[in-house]
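Trainee: Sharing query_27.csv, CSV, C-alpha atoms:
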chain,number,residue,atom,x,y,z
A,1,MET,CA,49.8,-13.6,15.0
A,2,ALA,CA,49.1,-10.3,13.2
A,3,VAL,CA,49.2,-6.6,13.8
A,4,PHE,CA,46.2,-4.8,12.4
A,5,LYS,CA,46.1,-1.1,11.5
A,6,ILE,CA,42.9,0.6,12.7
A,7,ALA,CA,42.1,4.2,11.7
A,8,VAL,CA,40.1,5.7,14.6
A,9,ILE,CA,37.8,8.6,13.8
A,10,PRO,CA,36.4,9.8,17.1
A,11,GLY,CA,34.4,12.6,15.4
A,12,ASP,CA,32.1,14.8,17.4
A,13,GLY,CA,29.9,14.8,20.6
A,14,ILE,CA,30.1,11.5,22.4
A,15,GLY,CA,32.2,10.0,19.6
A,16,PRO,CA,35.6,10.4,21.3
A,17,GLU,CA,34.2,8.8,24.5
A,18,VAL,CA,32.7,5.7,22.9
A,19,THR,CA,35.7,5.1,20.6
A,20,ARG,CA,38.1,5.5,23.5
A,21,SER,CA,36.1,2.9,25.4
A,22,THR,CA,36.1,0.6,22.4
A,23,CYS,CA,39.9,0.8,21.9
A,24,GLU,CA,40.3,-0.2,25.6
A,25,VAL,CA,38.2,-3.3,24.9
A,26,LEU,CA,40.3,-4.0,21.7
A,27,ASN,CA,43.5,-3.7,23.7
A,28,LYS,CA,42.2,-6.4,26.0
A,29,VAL,CA,41.5,-8.5,23.0
A,30,ALA,CA,45.0,-8.0,21.8
A,31,GLN,CA,46.4,-9.1,25.2
A,32,LYS,CA,44.4,-12.3,25.2
A,33,SER,CA,44.6,-13.3,21.5
A,34,GLY,CA,48.2,-12.4,20.9
A,35,ASN,CA,47.2,-10.2,18.0
A,36,GLY,CA,48.0,-6.5,17.9
A,37,PHE,CA,46.1,-3.3,17.0
A,38,LEU,CA,47.9,-0.2,15.9
A,39,PHE,CA,45.4,2.7,16.4
A,40,THR,CA,45.9,5.9,14.4
A,41,GLU,CA,43.5,8.7,15.4
A,42,VAL,CA,42.4,10.8,12.4
A,43,SER,CA,40.1,13.9,12.1
A,44,ALA,CA,36.8,14.0,10.3
A,45,GLY,CA,33.4,15.6,10.8
A,46,GLY,CA,32.7,18.8,12.7
A,47,ILE,CA,36.0,18.8,14.5
A,48,ALA,CA,37.8,18.6,11.1
A,49,ILE,CA,35.8,21.6,9.9
A,50,ASP,CA,36.8,23.6,12.9
A,51,THR,CA,40.5,22.5,12.6
A,52,PHE,CA,41.1,22.2,8.9
A,53,GLY,CA,38.2,23.9,7.2
A,54,GLU,CA,36.8,20.7,5.6
A,55,PRO,CA,34.9,17.6,6.9
A,56,LEU,CA,37.2,15.1,5.4
A,57,PRO,CA,40.9,16.2,5.1
A,58,GLU,CA,42.9,14.3,2.5
A,59,LYS,CA,45.3,13.1,5.1
A,60,SER,CA,42.5,11.5,7.1
A,61,LEU,CA,41.2,9.8,4.0
A,62,GLN,CA,44.6,8.4,3.1
A,63,ILE,CA,45.1,7.0,6.5
A,64,ALA,CA,41.7,5.3,6.3
A,65,LYS,CA,42.6,3.8,2.9
A,66,ASP,CA,45.9,2.5,4.3
A,67,SER,CA,44.3,0.8,7.3
A,68,ASP,CA,42.8,-2.7,7.8
A,69,ALA,CA,39.6,-1.2,9.2
A,70,VAL,CA,38.1,2.1,10.2
A,71,LEU,CA,36.4,2.7,13.6
A,72,LEU,CA,34.1,5.7,13.6
A,73,GLY,CA,32.4,7.3,16.6
A,74,ALA,CA,29.9,9.9,15.4
A,75,VAL,CA,29.9,13.1,13.4
A,76,GLY,CA,27.7,16.2,13.4
A,77,GLY,CA,25.8,18.5,15.8
A,78,PRO,CA,23.8,21.7,15.8
A,79,LYS,CA,26.9,23.8,15.8
A,80,TRP,CA,27.3,23.0,12.0
A,81,ASP,CA,23.7,22.8,11.0
A,82,ASP,CA,23.8,26.1,9.0
A,83,LEU,CA,26.6,24.9,6.7
A,84,PRO,CA,25.7,23.8,3.1
A,85,GLY,CA,25.4,20.1,2.3
A,86,ARG,CA,28.9,19.4,1.0
A,87,SER,CA,30.5,21.3,3.9
A,88,ARG,CA,28.5,19.6,6.7
A,89,PRO,CA,30.1,17.0,9.0
A,90,GLU,CA,28.0,14.3,7.4
A,91,ALA,CA,29.8,14.8,4.1
A,92,ALA,CA,32.7,13.0,5.7
A,93,LEU,CA,30.6,9.8,5.9
A,94,LEU,CA,29.6,10.1,2.2
A,95,GLY,CA,33.2,10.8,1.3
A,96,LEU,CA,34.5,7.8,3.2
A,97,ARG,CA,31.9,5.5,1.7
A,98,LYS,CA,32.7,6.7,-1.8
A,99,GLU,CA,36.5,6.7,-1.6
A,100,LEU,CA,36.6,3.3,0.2
A,101,ALA,CA,34.0,1.9,-2.2
A,102,LEU,CA,31.8,0.6,0.6
A,103,TYR,CA,28.8,-0.9,-1.1
A,104,ALA,CA,27.3,-3.1,1.6
A,105,ASN,CA,25.9,-1.8,4.8
A,106,LEU,CA,25.4,-4.3,7.6
A,107,ARG,CA,23.2,-3.2,10.4
A,108,LEU,CA,22.5,-5.5,13.4
A,109,ALA,CA,19.2,-5.1,15.2
A,110,ILE,CA,19.8,-7.0,18.4
A,111,LEU,CA,17.4,-7.0,21.3
A,112,PHE,CA,19.0,-8.8,24.2
A,113,PRO,CA,16.5,-10.7,26.3
A,114,GLU,CA,17.5,-8.6,29.3
A,115,LEU,CA,16.3,-5.5,27.5
A,116,LYS,CA,13.0,-6.8,26.1
A,117,CYS,CA,11.2,-4.3,28.3
A,118,ALA,CA,12.7,-1.5,26.2
A,119,SER,CA,11.0,-2.8,23.0
A,120,PRO,CA,7.7,-1.1,21.9
A,121,LEU,CA,6.4,-4.5,20.9
A,122,ARG,CA,4.3,-6.8,23.1
A,123,PRO,CA,6.5,-8.9,25.5
A,124,ASP,CA,5.4,-12.2,23.9
A,125,LEU,CA,6.7,-11.1,20.5
A,126,VAL,CA,10.2,-10.5,21.8
A,127,GLU,CA,10.3,-13.1,24.5
A,128,ASN,CA,13.4,-14.7,23.2
A,129,GLY,CA,15.1,-11.6,22.0
A,130,VAL,CA,15.7,-10.4,18.4
A,131,ASP,CA,18.8,-10.8,16.3
A,132,ILE,CA,18.4,-9.6,12.8
A,133,LEU,CA,21.2,-8.6,10.3
A,134,ILE,CA,20.1,-6.3,7.6
A,135,VAL,CA,22.4,-6.2,4.5
A,136,ARG,CA,21.6,-3.0,2.6
A,137,GLU,CA,23.0,-2.3,-0.9
A,138,LEU,CA,24.7,1.1,-0.3
A,139,THR,CA,25.9,2.6,-3.6
A,140,GLY,CA,23.2,1.9,-6.2
A,141,GLY,CA,19.4,2.1,-6.7
A,142,ILE,CA,17.2,5.1,-6.7
A,143,TYR,CA,19.5,7.1,-4.4
A,144,PHE,CA,22.2,7.1,-7.1
A,145,GLY,CA,20.0,7.0,-10.3
A,146,LYS,CA,19.2,9.7,-12.7
A,147,ARG,CA,17.1,12.5,-11.3
A,148,GLY,CA,15.7,15.8,-12.4
A,149,LEU,CA,13.1,18.6,-12.1
A,150,GLU,CA,11.5,20.1,-15.1
A,151,LYS,CA,8.4,21.9,-16.4
A,152,SER,CA,5.8,19.6,-17.9
A,153,GLU,CA,3.8,20.6,-20.9
A,154,GLU,CA,1.2,17.9,-20.1
A,155,CYS,CA,-2.1,18.1,-18.2
A,156,LEU,CA,-3.9,15.8,-15.8
A,157,SER,CA,-7.0,13.9,-17.1
A,158,ASP,CA,-9.3,16.8,-15.9
A,159,GLY,CA,-7.2,19.3,-17.9
A,160,THR,CA,-5.2,20.8,-15.0
A,161,PRO,CA,-1.6,21.6,-16.1
A,162,LYS,CA,0.9,19.3,-14.3
A,163,GLY,CA,3.3,22.2,-13.6
A,164,MET,CA,6.7,21.1,-12.4
A,165,GLU,CA,7.6,17.4,-12.7
A,166,ALA,CA,10.3,15.5,-10.8
A,167,PHE,CA,11.8,12.1,-11.4
A,168,ASP,CA,14.1,9.7,-9.7
A,169,VAL,CA,15.2,6.6,-11.6
A,170,GLU,CA,16.0,3.2,-9.9
A,171,THR,CA,18.7,1.3,-11.8
A,172,TYR,CA,20.5,-1.9,-10.7
A,173,SER,CA,22.9,-4.1,-12.6
A,174,GLU,CA,23.4,-7.8,-12.3
A,175,ALA,CA,26.9,-7.2,-10.9
A,176,GLU,CA,25.7,-4.8,-8.2
A,177,ILE,CA,23.0,-7.2,-7.1
A,178,GLU,CA,25.2,-10.3,-7.1
A,179,ARG,CA,27.9,-8.7,-5.0
A,180,ILE,CA,25.5,-7.6,-2.3
A,181,LEU,CA,23.8,-11.0,-2.4
A,182,ARG,CA,27.1,-12.7,-1.8
A,183,VAL,CA,27.6,-10.6,1.3
A,184,GLY,CA,24.1,-11.7,2.4
A,185,PHE,CA,24.7,-15.4,1.8
A,186,THR,CA,28.1,-15.4,3.4
A,187,SER,CA,26.6,-13.7,6.5
A,188,ALA,CA,23.8,-16.2,6.6
A,189,MET,CA,26.3,-19.0,6.5
A,190,GLN,CA,28.0,-17.5,9.6
A,191,ARG,CA,24.7,-17.2,11.4
A,192,ARG,CA,21.5,-19.3,11.3
A,193,LYS,CA,21.5,-19.9,7.5
A,194,ASN,CA,18.2,-18.2,6.8
A,195,LEU,CA,18.1,-15.4,4.1
A,196,THR,CA,15.2,-13.2,3.3
A,197,VAL,CA,15.4,-11.1,0.1
A,198,VAL,CA,13.1,-8.1,0.3
A,199,ASP,CA,11.8,-6.5,-2.9
A,200,LYS,CA,8.7,-5.3,-4.8
A,201,ALA,CA,8.9,-7.8,-7.6
A,202,ASN,CA,5.1,-7.6,-8.3
A,203,ILE,CA,5.7,-4.0,-9.5
A,204,LEU,CA,9.3,-3.2,-10.1
A,205,GLU,CA,11.5,-4.6,-12.9
A,206,THR,CA,14.6,-4.0,-10.8
A,207,SER,CA,13.1,-6.3,-8.1
A,208,ARG,CA,12.4,-9.0,-10.7
A,209,LEU,CA,16.1,-8.9,-11.6
A,210,TRP,CA,17.0,-9.2,-7.9
A,211,ARG,CA,15.0,-12.4,-7.8
A,212,LYS,CA,16.6,-13.9,-11.0
A,213,VAL,CA,20.1,-13.2,-9.7
A,214,THR,CA,19.2,-14.6,-6.2
A,215,GLU,CA,17.9,-17.8,-7.7
A,216,ARG,CA,21.2,-18.2,-9.6
A,217,VAL,CA,23.5,-17.3,-6.7
A,218,ALA,CA,21.5,-19.4,-4.2
A,219,SER,CA,22.5,-22.6,-6.0
A,220,GLU,CA,26.1,-22.0,-4.6
A,221,TYR,CA,24.8,-21.9,-1.0
A,222,PRO,CA,22.6,-25.0,-0.7
A,223,GLU,CA,22.7,-24.8,3.1
A,224,VAL,CA,21.0,-21.5,3.2
A,225,SER,CA,17.2,-21.3,3.2
A,226,VAL,CA,16.0,-18.5,1.0
A,227,GLU,CA,12.7,-16.6,1.3
A,228,PHE,CA,11.4,-13.8,-1.0
A,229,MET,CA,9.2,-11.2,0.6
A,230,TYR,CA,7.6,-8.0,-0.7
A,231,VAL,CA,8.7,-4.9,1.2
A,232,ASP,CA,5.3,-4.0,2.4
A,233,ASN,CA,4.8,-7.5,3.8
A,234,ALA,CA,8.3,-7.4,5.3
A,235,SER,CA,7.5,-4.2,7.2
A,236,MET,CA,4.5,-5.9,8.8
A,237,GLN,CA,6.2,-9.2,9.5
A,238,LEU,CA,9.1,-7.4,11.3
A,239,LEU,CA,6.5,-6.2,13.8
A,240,ARG,CA,4.5,-9.4,13.9
A,241,ARG,CA,7.3,-12.0,14.2
A,242,PRO,CA,10.7,-10.2,14.5
A,243,GLY,CA,12.4,-13.3,16.1
A,244,SER,CA,11.9,-15.3,12.9
A,245,PHE,CA,14.2,-13.2,10.8
A,246,ASP,CA,17.9,-14.0,10.5
A,247,VAL,CA,19.6,-12.1,7.5
A,248,ILE,CA,17.6,-9.7,5.3
A,249,VAL,CA,19.3,-8.5,2.1
A,250,THR,CA,17.7,-5.7,0.1
A,251,SER,CA,18.1,-2.6,-2.0
A,252,ASN,CA,19.4,0.8,-1.0
A,253,MET,CA,16.0,2.5,-0.3
A,254,PHE,CA,14.2,-0.5,1.2
A,255,GLY,CA,17.2,-1.2,3.4
A,256,ASP,CA,17.3,2.4,4.6
A,257,ILE,CA,13.7,2.2,5.7
A,258,LEU,CA,13.6,-1.4,7.1
A,259,SER,CA,16.9,-1.0,9.1
A,260,ASP,CA,15.4,1.9,11.0
A,261,GLU,CA,12.2,-0.1,11.7
A,262,ALA,CA,14.2,-3.0,12.9
A,263,GLY,CA,16.3,-0.7,15.0
A,264,MET,CA,13.2,0.7,16.7
A,265,ILE,CA,12.1,-2.8,17.6
A,266,THR,CA,15.1,-3.1,19.9
A,267,GLY,CA,14.0,0.0,21.8
A,268,SER,CA,17.4,1.5,22.2
A,269,ILE,CA,19.5,3.1,19.4
A,270,GLY,CA,22.4,3.1,21.9
A,271,MET,CA,22.8,-0.6,21.4
A,272,LEU,CA,22.9,-0.9,17.6
A,273,PRO,CA,26.2,-1.5,15.7
A,274,SER,CA,26.8,-1.3,12.0
A,275,ALA,CA,29.4,-2.0,9.3
A,276,SER,CA,30.0,-0.8,5.8
A,277,LEU,CA,32.0,-3.1,3.6
A,278,GLY,CA,33.5,-3.1,0.2
A,279,THR,CA,35.6,-5.5,-1.9
A,280,PRO,CA,37.3,-8.2,0.3
A,281,GLY,CA,40.7,-7.0,1.3
A,282,THR,CA,39.8,-3.3,1.5
A,283,PRO,CA,39.1,-1.6,4.8
A,284,GLY,CA,35.5,-1.7,6.1
A,285,MET,CA,34.1,1.1,8.3
A,286,TYR,CA,32.4,0.3,11.6
A,287,GLU,CA,30.3,2.7,13.6
A,288,PRO,CA,27.4,2.8,16.1
A,289,VAL,CA,24.0,3.7,14.7
A,290,HIS,CA,23.4,6.5,17.2
A,291,GLY,CA,24.4,10.1,16.6
A,292,SER,CA,26.8,12.4,18.3
A,293,ALA,CA,24.4,13.3,21.2
A,294,PRO,CA,26.1,16.6,21.9
A,295,ASP,CA,23.7,17.2,24.9
A,296,ILE,CA,25.4,14.5,26.9
A,297,ALA,CA,29.0,14.8,25.5
A,298,GLY,CA,31.6,15.1,28.2
A,299,LYS,CA,29.3,14.0,31.0
A,300,GLY,CA,30.6,10.4,31.1
A,301,ILE,CA,27.2,8.8,30.7
A,302,ALA,CA,27.3,7.8,27.0
A,303,ASN,CA,26.5,4.2,26.2
A,304,PRO,CA,29.6,2.6,24.7
A,305,LEU,CA,28.0,-0.7,23.9
A,306,ALA,CA,27.0,0.0,20.3
A,307,THR,CA,30.5,1.0,19.4
A,308,ILE,CA,32.0,-2.0,21.2
A,309,LEU,CA,29.6,-4.3,19.3
A,310,SER,CA,30.6,-2.5,16.1
A,311,ALA,CA,34.2,-3.5,17.0
A,312,ALA,CA,33.0,-7.1,17.3
A,313,MET,CA,31.7,-6.9,13.8
A,314,MET,CA,35.1,-5.5,12.7
A,315,LEU,CA,36.8,-8.5,14.2
A,316,ARG,CA,34.5,-10.8,12.4
A,317,TYR,CA,34.2,-9.2,9.0
A,318,SER,CA,37.5,-7.3,8.4
A,319,LEU,CA,40.1,-8.9,10.6
A,320,GLY,CA,39.4,-12.6,10.4
A,321,LEU,CA,38.9,-13.0,14.2
A,322,PRO,CA,35.3,-14.1,14.5
A,323,GLU,CA,35.8,-16.0,17.8
A,324,GLU,CA,37.1,-12.8,19.4
A,325,GLY,CA,34.1,-10.9,18.1
A,326,GLU,CA,31.8,-13.5,19.5
A,327,LYS,CA,33.5,-13.2,22.9
A,328,ILE,CA,32.9,-9.5,22.9
A,329,GLU,CA,29.2,-10.1,22.2
A,330,LYS,CA,29.0,-12.7,25.0
A,331,ALA,CA,30.7,-10.3,27.4
A,332,VAL,CA,28.2,-7.5,26.6
A,333,GLY,CA,25.4,-10.0,27.1
A,334,ALA,CA,26.8,-11.1,30.5
A,335,VAL,CA,27.0,-7.5,31.7
A,336,LEU,CA,23.4,-7.0,30.8
A,337,ARG,CA,22.3,-10.2,32.5
A,338,GLN,CA,23.9,-8.9,35.7
A,339,GLY,CA,21.6,-5.9,35.5
A,340,TYR,CA,24.2,-3.2,34.6
A,341,ARG,CA,22.8,-0.4,32.5
A,342,THR,CA,23.8,3.0,31.2
A,343,THR,CA,21.2,5.8,31.5
A,344,ASP,CA,19.7,5.3,28.1
A,345,ILE,CA,18.8,1.6,28.6
A,346,ALA,CA,17.9,1.8,32.3
A,347,SER,CA,14.3,1.4,33.5
A,348,SER,CA,13.1,2.9,36.8
A,349,SER,CA,13.7,-0.4,38.5
A,350,ASP,CA,17.4,-0.7,37.5
A,351,ALA,CA,19.7,0.0,40.4
A,352,ASN,CA,23.0,-0.7,38.6
A,353,VAL,CA,23.3,2.4,36.4
A,354,LEU,CA,26.9,2.9,35.2
A,355,GLY,CA,28.7,5.6,33.3
A,356,THR,CA,30.7,5.1,30.1
A,357,LYS,CA,34.0,4.2,31.9
A,358,GLU,CA,32.4,1.8,34.4
A,359,MET,CA,30.3,0.0,31.7
A,360,THR,CA,33.5,-0.4,29.6
A,361,GLU,CA,35.3,-1.9,32.6
A,362,LYS,CA,32.5,-4.4,33.2
A,363,VAL,CA,32.7,-5.5,29.5
A,364,ILE,CA,36.4,-6.0,29.8
A,365,GLU,CA,36.0,-7.9,33.1
A,366,GLU,CA,33.6,-10.3,31.5
A,367,TYR,CA,35.7,-10.7,28.4
A,368,GLU,CA,38.6,-11.7,30.5
A,369,LYS,CA,36.6,-14.6,31.9
A,370,LEU,CA,36.0,-16.1,28.4
The structure in this file should be written as structure tokens.
Mentor:
Amino acid sequence: MAVFKIAVIPGDGIGPEVTRSTCEVLNKVAQKSGNGFLFTEVSAGGIAIDTFGEPLPEKSLQIAKDSDAVLLGAVGGPKWDDLPGRSRPEAALLGLRKELALYANLRLAILFPELKCASPLRPDLVENGVDILIVRELTGGIYFGKRGLEKSEECLSDGTPKGMEAFDVETYSEAEIERILRVGFTSAMQRRKNLTVVDKANILETSRLWRKVTERVASEYPEVSVEFMYVDNASMQLLRRPGSFDVIVTSNMFGDILSDEAGMITGSIGMLPSASLGTPGTPGMYEPVHGSAPDIAGKGIANPLATILSAAMMLRYSLGLPEEGEKIEKAVGAVLRQGYRTTDIASSSDANVLGTKEMTEKVIEEYEKL
């Protein structure tokens, strides 16, 4: 049995509440599995600005680097909105991604059948729930390409001067594409063995390279069914047949957009986990998709399930404990089937509305039964 070092970054708003709940669940995992978790709480985000004058202190970064995984709550809030970009709480996220070399963002869009009424889609489209994993390339593409703003000396066809002209360049290398594809294929092998590569190969040269690399890498994963789909069509099919998707792998910008769309399908941002991964053997970072929600911080009503499900991803992808991660997911499903809800996922007919602490206790109770 192993002891894993977990850097816990509670952050701001409801972050401390949901990470505390998640550590309680992980402690129960340790008791049942025989493995151990050594939690080290570190400061980042707005609270680090208030305490240390910077969003990501060097000590916090070093602890994260020396850990097996990083569990993050949430950062930011209106208190720090007037700070310049590099001094804002969100700069801690960018710093962690860069310093930990996290190039793959995995976002789960799960609509549990018990919560299908929360989806904005027709009931028949989500009758059996939705379970999509979007694998987004995180450190390349147009977001990190050459960019600029300059005065143009040219004119439009009618003679009107162009004025200022801006440009953003999308660049991808074979190596960048291959490593994110391998994350996608590996994930598909652990799930339903269906992979959709989303691109714009009818227009973009970078997308055509994505397809070439995919065709080469796919030969190493004969069990995985591969489908190519243009991004505009993918955005439509996510609404038309969301239940047919398993794993989607795509570029930085397309992944940014599609993951938000897929998340909206579930109807509740409070249920969505995510992971950011780098080279195997280096710590991954796990966090809920939701923000810091300062308006409900300290009230004991925050939904801990997205962070708890993020920990399930951590067990699967960073700690080599996929069975324990699956048990957590089953425990969450069992709690929902019994009709327990937090405020954000409760409908008017739900009688069993729980607070953060009580919902956590229910998950632990169900986990113990597995």
Trainee: Would you mind reading off the distance between CA of Arg97 in chain A and CA of Asp50 in chain A, one decimal, in Å?
Mentor: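 Separation between CA of Arg97 in chain A and CA of Asp50 in chain A: 21.8 Å.
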Trainee: Using all atoms listed in the file, which residue out of A:Ala262, A:Leu56, A:Leu321, A:Ala2 lies closest to Gly243 in chain A?
Mentor: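 Distance minimum relative to Gly243 in chain A lands on A:Ala262.
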Trainee: Set the distance at 12 Å and use all atoms listed in the file: which residues neighbour range 161-167 of chain A once local chain neighbours fewer than 4 positions away are removed? I'd like the list as a list in words.
Mentor: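 Skipping anything fewer than 4 positions along the chain leaves Ile142, Tyr143, Gly145, Lys146, Arg147, Gly148, Leu149, Glu150, Lys151, Ser152, Glu153, Glu154, Cys155, Leu156 and Ser157 of chain A.
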Trainee: Calculated over all atoms listed in the file, which of the candidates A:Arg107, A:Lys369, A:Arg20, A:Arg122 has the smallest distance to Lys327 in chain A?
Mentor: A:Lys369
Trainee: Measuring atom to atom with all atoms listed in the file, identify which of A:Ala104, A:Val18, A:Val247, A:Ala302 is nearest to Gly73 in chain A.
Mentor: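 Result for the nearest residue to Gly73 in chain A: A:Val18.
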